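One structure is given below, encoded as structure tokens.
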Amino acid sequence: MTNQASSFRPTRRIYAVTKNGDKKIWRSIGALWPHRDGKGFNHKLDCLPLNDAEIVVRQIDDEAEEGAR
């Protein structure tokens, strides 16, 4: 069974969010692509979160991505 992504660019970014006092620290740990049939997702993780990090998936904002480069 093959689940291919609809494009080569991810549509969502995966973050590990941890707290440091009152401050939240967001670390990008991977990306997510929807399946062509719209019934699922493929994801790739660059690392696994530790220390009770919350996993958050957010839509990629093209303008924010341009500013981060």
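Quick note on naming: the chains in the structure tokens go A, B, ... in the order shown, residues restart at 1 in each chain, and ligands are numbered from 1 in order of appearance.
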
Mind the document's chain letters and residue numbers, and return as a ChimeraX atom specification the residues of region 11-68 of chain A that DSSP labels alpha helix (DSSP H).
/A:62-68

Could you check the closest approach to Leu48 (chain A) for each of A:Ile60, A:Ile14, A:Ile29, A:Arg9 and tell me which residue wins, using only C-alpha atoms?
A:Ile29

What lies within 10 Å of His43 (chain A) using only C-alpha atoms, ignoring chain neighbours under 2 positions off, as a PyMOL selection string?
chain A and resi 5+10+12-14+30-34+41+45

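Checking A:Asp37, A:Lys44, A:Asn51, A:Val56 one by one against Ala16 (chain A), counting only C-alpha atoms, you find the shortest gap at A:Val56.
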